[in-house]
Amino acid sequence: MARRVPIQTRIGFTLLAWLVALTLFSPILWTILTAFKTEAEAIATPPTFLPETFTLENFGAVQDRSDYIKHALNSIIVSFGSTFLGLLIAIPAAWSMAFAPSKRTKDILMWMLSTKMMPAVGVLIPIYLIFRDLRLLDTLHGLTLIMTLINLPIIIWMLYTYFKEIPVDILEAARMDGAELWNEITHVLVPMAIPGIASTLLLNVILAWNEAFWTITLTSGRAGTLTAFISSFSSPQGLFLAKLSAASLLAIAPILLVGWFSQKQLVRGLTFGAVK
């Protein structure tokens, strides 16, 4: 029997949810509105909320200064490439930890998680020297590799959590039917964990897409992603707030659309196994 909630309580929680949502979305909304203002209006005091002079010149100036298409393609290659590479490594690793654990499995999981607690700048010098010696600086495959490594602990942890919710009896039944290890993973485990794998893919694409520290540090012009594209409009030589907002809008628009159209799949995957 469902619990009866007073109408006042439901209205209060609804208003609170909208307040939190609007608070979180307000920086993005301000960026969107500023992108359509002139530079003079963007830095005006007091600031205006809606553009008094609606203009698209900022987007043209952004494209004239930097090649948006090139940076967007680099972001797509790096974010999706690193995520798929991470899944190829993480699925067998998460399977072994979930269904064939050892005495050190929990220690390994905690060690992988601890690597995310260390500031990235702490390993900047060795990573930079390694990339320099291997000639991986300002290359897409080098950037894809570093994105895979920094997000791999999250991918393994998420998949491990999803795999633990799958009944072992199903995998044992597949083994009794003669399924080999590879067939067990590809034809039984992966199809059952599609919601979890999809949400892991989406989340890590977003993380790789928004990564700024390594993309700015390890690239310059040839392999620069959209985060480097945005940073090029932040200059101490002048105020480019409207153009910076336009560049930011162009950079976040693709990932916002992906998140909007895949939100049901993302929520379903993040709650995978929570409700039976």
# chains A, B, ... in the order shown; residues from 1 in each chain; ligands from 1
$ residues_around --residues "region 205-219 of chain A" --least-positions-apart "3" --cutoff "8 Å" --atoms "only C-alpha atoms" --output "ChimeraX atom specification"
/A:75-76,78-80,82-83,120,128,137-139,143,146-147,151,201-202,222-228,255
$ closest_atom_pairs --of "region 129-187 of chain A" --to "region 97-103 of chain A" --cutoff "9 Å" --atoms "only C-alpha atoms" --output "JSON lines"
{"residue": "A:Tyr160", "atom": "CA", "partner": "A:Ala98", "partner_atom": "CA", "distance": 5.9}
{"residue": "A:Thr161", "atom": "CA", "partner": "A:Ala98", "partner_atom": "CA", "distance": 8.1}
{"residue": "A:Phe163", "atom": "CA", "partner": "A:Ala98", "partner_atom": "CA", "distance": 6.2}
{"residue": "A:Lys164", "atom": "CA", "partner": "A:Ala98", "partner_atom": "CA", "distance": 5.6}
{"residue": "A:Val168", "atom": "CA", "partner": "A:Phe99", "partner_atom": "CA", "distance": 7.3}
$ write_last_selection --atoms "all heavy atoms" --output "PDB file, in the first residue's frame"
ATOM      1  N   TYR A 160      31.490  -2.760 -11.812  1.00  0.00           N
ATOM      2  CA  TYR A 160      31.548  -3.736 -10.714  1.00  0.00           C
ATOM      3  C   TYR A 160      30.255  -3.693  -9.900  1.00  0.00           C
ATOM      4  O   TYR A 160      29.696  -4.731  -9.533  1.00  0.00           O
ATOM      5  CB  TYR A 160      32.758  -3.431  -9.834  1.00  0.00           C
ATOM      6  CG  TYR A 160      32.782  -4.198  -8.531  1.00  0.00           C
ATOM      7  CD1 TYR A 160      33.168  -5.534  -8.492  1.00  0.00           C
ATOM      8  CD2 TYR A 160      32.415  -3.584  -7.337  1.00  0.00           C
ATOM      9  CE1 TYR A 160      33.189  -6.238  -7.298  1.00  0.00           C
ATOM     10  CE2 TYR A 160      32.437  -4.272  -6.136  1.00  0.00           C
ATOM     11  CZ  TYR A 160      32.819  -5.600  -6.114  1.00  0.00           C
ATOM     12  OH  TYR A 160      32.838  -6.289  -4.921  1.00  0.00           O
ATOM     13  N   THR A 161      29.762  -2.496  -9.625  1.00  0.00           N
ATOM     14  CA  THR A 161      28.518  -2.348  -8.870  1.00  0.00           C
ATOM     15  C   THR A 161      27.337  -2.943  -9.628  1.00  0.00           C
ATOM     16  O   THR A 161      26.482  -3.627  -9.040  1.00  0.00           O
ATOM     17  CB  THR A 161      28.251  -0.861  -8.583  1.00  0.00           C
ATOM     18  OG1 THR A 161      29.367  -0.308  -7.883  1.00  0.00           O
ATOM     19  CG2 THR A 161      27.003  -0.691  -7.736  1.00  0.00           C
ATOM     20  N   PHE A 163      27.464  -5.289 -12.079  1.00  0.00           N
ATOM     21  CA  PHE A 163      27.633  -6.733 -12.233  1.00  0.00           C
ATOM     22  C   PHE A 163      27.286  -7.489 -10.954  1.00  0.00           C
ATOM     23  O   PHE A 163      26.807  -8.623 -11.005  1.00  0.00           O
ATOM     24  CB  PHE A 163      29.062  -7.057 -12.656  1.00  0.00           C
ATOM     25  CG  PHE A 163      29.397  -6.628 -14.074  1.00  0.00           C
ATOM     26  CD1 PHE A 163      30.695  -6.729 -14.553  1.00  0.00           C
ATOM     27  CD2 PHE A 163      28.427  -6.132 -14.917  1.00  0.00           C
ATOM     28  CE1 PHE A 163      31.015  -6.336 -15.845  1.00  0.00           C
ATOM     29  CE2 PHE A 163      28.727  -5.734 -16.212  1.00  0.00           C
ATOM     30  CZ  PHE A 163      30.028  -5.840 -16.675  1.00  0.00           C
ATOM     31  N   LYS A 164      27.539  -6.873  -9.797  1.00  0.00           N
ATOM     32  CA  LYS A 164      27.239  -7.537  -8.524  1.00  0.00           C
ATOM     33  C   LYS A 164      25.743  -7.767  -8.349  1.00  0.00           C
ATOM     34  O   LYS A 164      25.337  -8.630  -7.549  1.00  0.00           O
ATOM     35  CB  LYS A 164      27.774  -6.691  -7.362  1.00  0.00           C
ATOM     36  CG  LYS A 164      29.280  -6.713  -7.208  1.00  0.00           C
ATOM     37  CD  LYS A 164      29.776  -8.064  -6.690  1.00  0.00           C
ATOM     38  CE  LYS A 164      29.435  -8.246  -5.231  1.00  0.00           C
ATOM     39  NZ  LYS A 164      30.003  -9.506  -4.692  1.00  0.00           N
ATOM     40  N   VAL A 168      24.330 -14.830  -9.891  1.00  0.00           N
ATOM     41  CA  VAL A 168      25.403 -15.725 -10.345  1.00  0.00           C
ATOM     42  C   VAL A 168      24.818 -16.974 -10.993  1.00  0.00           C
ATOM     43  O   VAL A 168      25.441 -17.597 -11.870  1.00  0.00           O
ATOM     44  CB  VAL A 168      26.318 -16.096  -9.163  1.00  0.00           C
ATOM     45  CG1 VAL A 168      27.461 -16.996  -9.613  1.00  0.00           C
ATOM     46  CG2 VAL A 168      26.869 -14.838  -8.500  1.00  0.00           C
TER      47      VAL A 168
END
$ closest_residue --among "A:Ile43, A:Leu189, A:Leu15, A:Leu145" --to "Phe240 (chain A)" --atoms "only C-alpha atoms"
A:Ile43
$ residues_around --residues "Ile166 (chain A)" --least-positions-apart "4" --cutoff "9 Å" --atoms "only C-alpha atoms" --output "list in words"
Tyr162, Ile170, Leu171, Leu189, Met192, Ala193 and Gly273 of chain A
$ write_last_selection --atoms "all heavy atoms" --output "compact mmCIF listing (two decimals), in the first residue's frame"
# COMPACT_ATOMS: atom_id res chain seq x y z
N TYR A 162 27.28 -2.71 -10.95
CA TYR A 162 26.18 -3.26 -11.74
C TYR A 162 26.27 -4.77 -11.84
O TYR A 162 25.26 -5.47 -11.72
CB TYR A 162 26.19 -2.65 -13.15
CG TYR A 162 26.02 -1.15 -13.17
CD1 TYR A 162 26.77 -0.36 -14.03
CD2 TYR A 162 25.13 -0.51 -12.31
CE1 TYR A 162 26.61 1.03 -14.05
CE2 TYR A 162 24.98 0.86 -12.33
CZ TYR A 162 25.72 1.62 -13.20
OH TYR A 162 25.58 2.98 -13.21
N ILE A 170 22.58 -17.34 -13.15
CA ILE A 170 22.40 -17.21 -14.60
C ILE A 170 23.70 -17.52 -15.32
O ILE A 170 23.72 -18.21 -16.35
CB ILE A 170 21.90 -15.80 -14.94
CG1 ILE A 170 20.53 -15.56 -14.31
CG2 ILE A 170 21.84 -15.59 -16.45
CD1 ILE A 170 19.97 -14.18 -14.56
N LEU A 171 24.81 -17.01 -14.80
CA LEU A 171 26.11 -17.28 -15.42
C LEU A 171 26.49 -18.75 -15.27
O LEU A 171 27.06 -19.35 -16.19
CB LEU A 171 27.17 -16.38 -14.79
CG LEU A 171 26.97 -14.87 -14.93
CD1 LEU A 171 28.13 -14.11 -14.31
CD2 LEU A 171 26.81 -14.47 -16.38
N LEU A 189 26.44 -11.79 -19.92
CA LEU A 189 26.65 -10.71 -18.95
C LEU A 189 26.36 -9.34 -19.55
O LEU A 189 25.60 -8.54 -18.97
CB LEU A 189 28.09 -10.77 -18.42
CG LEU A 189 28.47 -9.71 -17.40
CD1 LEU A 189 27.68 -9.88 -16.12
CD2 LEU A 189 29.97 -9.76 -17.10
N MET A 192 22.66 -8.36 -20.24
CA MET A 192 21.91 -8.13 -19.01
C MET A 192 22.29 -6.82 -18.35
O MET A 192 21.49 -6.22 -17.61
CB MET A 192 22.13 -9.29 -18.03
CG MET A 192 21.58 -10.62 -18.49
SD MET A 192 21.78 -11.89 -17.22
CE MET A 192 20.75 -11.22 -15.93
N ALA A 193 23.50 -6.35 -18.59
CA ALA A 193 23.98 -5.13 -17.94
C ALA A 193 23.97 -3.94 -18.88
O ALA A 193 24.65 -2.94 -18.59
CB ALA A 193 25.41 -5.37 -17.42
N GLY A 273 19.51 -2.09 -10.58
CA GLY A 273 19.66 -3.01 -9.46
C GLY A 273 19.12 -2.47 -8.15
O GLY A 273 19.00 -3.21 -7.19
$ select_by_dssp --residues "region 81-272 of chain A" --states "alpha helix (DSSP H)" --output "NGL selection string"
:A and (81-99 or 105-114 or 124-133 or 140-164 or 168-176 or 181-183 or 190-192 or 194-210 or 213-218 or 226-231 or 241-261 or 263-270)
$ residues_around --residues "Ser66 (chain A)" --least-positions-apart "2" --cutoff "10 Å" --atoms "only C-alpha atoms" --output "compact mmCIF listing (two decimals) with N, CA and C atoms, in the first residue's frame"
# COMPACT_ATOMS: atom_id res chain seq x y z
N ALA A 61 32.52 35.74 -34.66
CA ALA A 61 33.87 36.09 -34.22
C ALA A 61 34.60 34.90 -33.64
N VAL A 62 33.87 34.04 -32.95
CA VAL A 62 34.48 32.83 -32.38
C VAL A 62 34.98 31.92 -33.49
N GLN A 63 34.16 31.71 -34.50
CA GLN A 63 34.56 30.84 -35.61
C GLN A 63 35.71 31.43 -36.40
N ASP A 64 35.74 32.75 -36.55
CA ASP A 64 36.84 33.40 -37.28
C ASP A 64 38.15 33.26 -36.54
N TYR A 68 36.06 25.95 -34.82
CA TYR A 68 35.19 25.22 -33.90
C TYR A 68 35.02 23.76 -34.33
N ILE A 69 34.82 23.52 -35.61
CA ILE A 69 34.58 22.16 -36.10
C ILE A 69 35.76 21.25 -35.76
N LYS A 70 36.96 21.75 -35.94
CA LYS A 70 38.15 20.95 -35.65
C LYS A 70 38.21 20.58 -34.17
N HIS A 71 37.99 21.55 -33.29
CA HIS A 71 38.02 21.28 -31.86
C HIS A 71 36.88 20.34 -31.44
N GLY A 221 47.74 23.27 -30.45
CA GLY A 221 46.83 23.63 -31.53
C GLY A 221 46.30 22.45 -32.30
N PHE A 229 39.60 25.19 -26.66
CA PHE A 229 38.92 26.18 -27.49
C PHE A 229 38.34 27.30 -26.61
N ILE A 230 37.73 26.93 -25.49
CA ILE A 230 37.16 27.93 -24.58
C ILE A 230 38.25 28.76 -23.93
N SER A 232 41.02 29.69 -24.92
CA SER A 232 41.69 30.65 -25.79
C SER A 232 40.99 32.00 -25.80
N PHE A 233 39.76 32.06 -25.28
CA PHE A 233 39.02 33.32 -25.24
C PHE A 233 39.10 34.01 -23.88
N ALA A 247 31.63 30.97 -27.03
CA ALA A 247 32.49 29.79 -27.18
C ALA A 247 32.07 28.69 -26.20
$ closest_residue --among "A:Thr14, A:Thr9, A:Thr105, A:Asn74" --to "Ala251 (chain A)" --atoms "only C-alpha atoms"
A:Asn74
$ atom_distance --atom1 "CA of Ala242 (chain A)" --atom2 "CA of Val258 (chain A)"
24.7 Å
$ residues_around --residues "Gly86 (chain A)" --least-positions-apart "2" --cutoff "9 Å" --atoms "only C-alpha atoms" --output "short mmCIF file (atom, residue, chain, number, x, y, z; two decimals) with N, CA and C atoms, in the first residue's frame"
data_model
loop_
_atom_site.label_atom_id
_atom_site.label_comp_id
_atom_site.auth_asym_id
_atom_site.auth_seq_id
_atom_site.Cartn_x
_atom_site.Cartn_y
_atom_site.Cartn_z
N GLY A 81 36.39 7.83 -27.85
CA GLY A 81 37.47 6.86 -27.98
C GLY A 81 37.98 6.39 -26.64
N SER A 82 38.19 7.30 -25.69
CA SER A 82 38.69 6.91 -24.37
C SER A 82 37.65 6.10 -23.61
N THR A 83 36.36 6.42 -23.80
CA THR A 83 35.31 5.68 -23.10
C THR A 83 35.20 4.26 -23.62
N PHE A 84 35.21 4.08 -24.94
CA PHE A 84 35.13 2.72 -25.50
C PHE A 84 36.38 1.91 -25.15
N LEU A 88 36.41 -1.60 -22.88
CA LEU A 88 37.06 -2.85 -23.30
C LEU A 88 37.95 -3.42 -22.19
N ILE A 89 38.56 -2.53 -21.43
CA ILE A 89 39.42 -2.98 -20.33
C ILE A 89 38.60 -3.26 -19.08
N ALA A 90 37.59 -2.42 -18.83
CA ALA A 90 36.88 -2.47 -17.56
C ALA A 90 35.89 -3.63 -17.47
N ILE A 91 35.26 -4.01 -18.58
CA ILE A 91 34.26 -5.09 -18.52
C ILE A 91 34.87 -6.40 -18.05
N MET A 147 43.04 10.13 -21.04
CA MET A 147 41.65 10.17 -20.62
C MET A 147 41.17 8.79 -20.19
N THR A 148 41.63 7.76 -20.90
CA THR A 148 41.27 6.40 -20.53
C THR A 148 41.81 6.06 -19.15
N LEU A 149 43.05 6.43 -18.89
CA LEU A 149 43.68 6.09 -17.62
C LEU A 149 43.04 6.83 -16.45
N ASN A 151 39.97 7.99 -16.18
CA ASN A 151 38.57 7.62 -15.95
C ASN A 151 38.37 6.12 -15.74
N LEU A 152 39.41 5.32 -15.94
CA LEU A 152 39.28 3.87 -15.82
C LEU A 152 38.82 3.43 -14.43
N ILE A 155 35.06 3.81 -14.29
CA ILE A 155 34.37 2.84 -15.15
C ILE A 155 34.33 1.48 -14.48
N ILE A 156 35.46 1.04 -13.92
CA ILE A 156 35.52 -0.28 -13.27
C ILE A 156 34.61 -0.31 -12.05
#
$ atom_distance --atom1 "CA of Leu85 (chain A)" --atom2 "CA of Met110 (chain A)"
21.9 Å
$ atom_distance --atom1 "CA of Glu165 (chain A)" --atom2 "CA of His187 (chain A)"
17.2 Å
$ residues_around --residues "Ala35 (chain A)" --least-positions-apart "4" --cutoff "9 Å" --atoms "only C-alpha atoms" --output "ChimeraX atom specification"
/A:30-31,42,55-56,58-59,241-249
$ write_last_selection --atoms "N, CA and C atoms" --output "PDB file, in the first residue's frame"
ATOM      1  N   TRP A  30      22.774  31.912 -17.633  1.00  0.00           N
ATOM      2  CA  TRP A  30      23.444  33.208 -17.762  1.00  0.00           C
ATOM      3  C   TRP A  30      24.443  33.193 -18.921  1.00  0.00           C
ATOM      4  N   THR A  31      25.152  32.087 -19.079  1.00  0.00           N
ATOM      5  CA  THR A  31      26.094  31.960 -20.198  1.00  0.00           C
ATOM      6  C   THR A  31      25.371  32.021 -21.535  1.00  0.00           C
ATOM      7  N   ALA A  42      27.556  42.988 -22.121  1.00  0.00           N
ATOM      8  CA  ALA A  42      27.972  41.855 -21.294  1.00  0.00           C
ATOM      9  C   ALA A  42      28.719  42.301 -20.043  1.00  0.00           C
ATOM     10  N   THR A  55      22.226  39.738 -30.687  1.00  0.00           N
ATOM     11  CA  THR A  55      23.212  39.681 -31.768  1.00  0.00           C
ATOM     12  C   THR A  55      23.815  38.286 -31.875  1.00  0.00           C
ATOM     13  N   LEU A  56      24.199  37.939 -33.099  1.00  0.00           N
ATOM     14  CA  LEU A  56      24.887  36.665 -33.363  1.00  0.00           C
ATOM     15  C   LEU A  56      26.347  36.886 -33.759  1.00  0.00           C
ATOM     16  N   ASN A  58      28.925  37.383 -32.005  1.00  0.00           N
ATOM     17  CA  ASN A  58      29.909  36.682 -31.172  1.00  0.00           C
ATOM     18  C   ASN A  58      30.248  35.307 -31.729  1.00  0.00           C
ATOM     19  N   PHE A  59      29.242  34.626 -32.262  1.00  0.00           N
ATOM     20  CA  PHE A  59      29.481  33.292 -32.806  1.00  0.00           C
ATOM     21  C   PHE A  59      30.330  33.361 -34.073  1.00  0.00           C
ATOM     22  N   LEU A 241      33.970  38.826 -22.625  1.00  0.00           N
ATOM     23  CA  LEU A 241      32.986  38.028 -21.901  1.00  0.00           C
ATOM     24  C   LEU A 241      31.910  37.472 -22.826  1.00  0.00           C
ATOM     25  N   ALA A 242      31.419  38.271 -23.749  1.00  0.00           N
ATOM     26  CA  ALA A 242      30.381  37.801 -24.668  1.00  0.00           C
ATOM     27  C   ALA A 242      30.919  36.713 -25.593  1.00  0.00           C
ATOM     28  N   LYS A 243      32.127  36.911 -26.109  1.00  0.00           N
ATOM     29  CA  LYS A 243      32.723  35.896 -26.991  1.00  0.00           C
ATOM     30  C   LYS A 243      33.067  34.632 -26.204  1.00  0.00           C
ATOM     31  N   LEU A 244      33.528  34.797 -24.957  1.00  0.00           N
ATOM     32  CA  LEU A 244      33.799  33.633 -24.115  1.00  0.00           C
ATOM     33  C   LEU A 244      32.518  32.855 -23.852  1.00  0.00           C
ATOM     34  N   SER A 245      31.419  33.556 -23.623  1.00  0.00           N
ATOM     35  CA  SER A 245      30.127  32.886 -23.406  1.00  0.00           C
ATOM     36  C   SER A 245      29.667  32.173 -24.673  1.00  0.00           C
ATOM     37  N   ALA A 246      29.882  32.805 -25.830  1.00  0.00           N
ATOM     38  CA  ALA A 246      29.513  32.156 -27.086  1.00  0.00           C
ATOM     39  C   ALA A 246      30.338  30.889 -27.318  1.00  0.00           C
ATOM     40  N   ALA A 247      31.635  30.966 -27.030  1.00  0.00           N
ATOM     41  CA  ALA A 247      32.492  29.786 -27.175  1.00  0.00           C
ATOM     42  C   ALA A 247      32.065  28.689 -26.198  1.00  0.00           C
ATOM     43  N   SER A 248      31.724  29.086 -24.971  1.00  0.00           N
ATOM     44  CA  SER A 248      31.278  28.107 -23.984  1.00  0.00           C
ATOM     45  C   SER A 248      29.975  27.452 -24.405  1.00  0.00           C
ATOM     46  N   LEU A 249      29.062  28.241 -24.949  1.00  0.00           N
ATOM     47  CA  LEU A 249      27.784  27.694 -25.412  1.00  0.00           C
ATOM     48  C   LEU A 249      27.992  26.706 -26.546  1.00  0.00           C
TER      49      LEU A 249
END
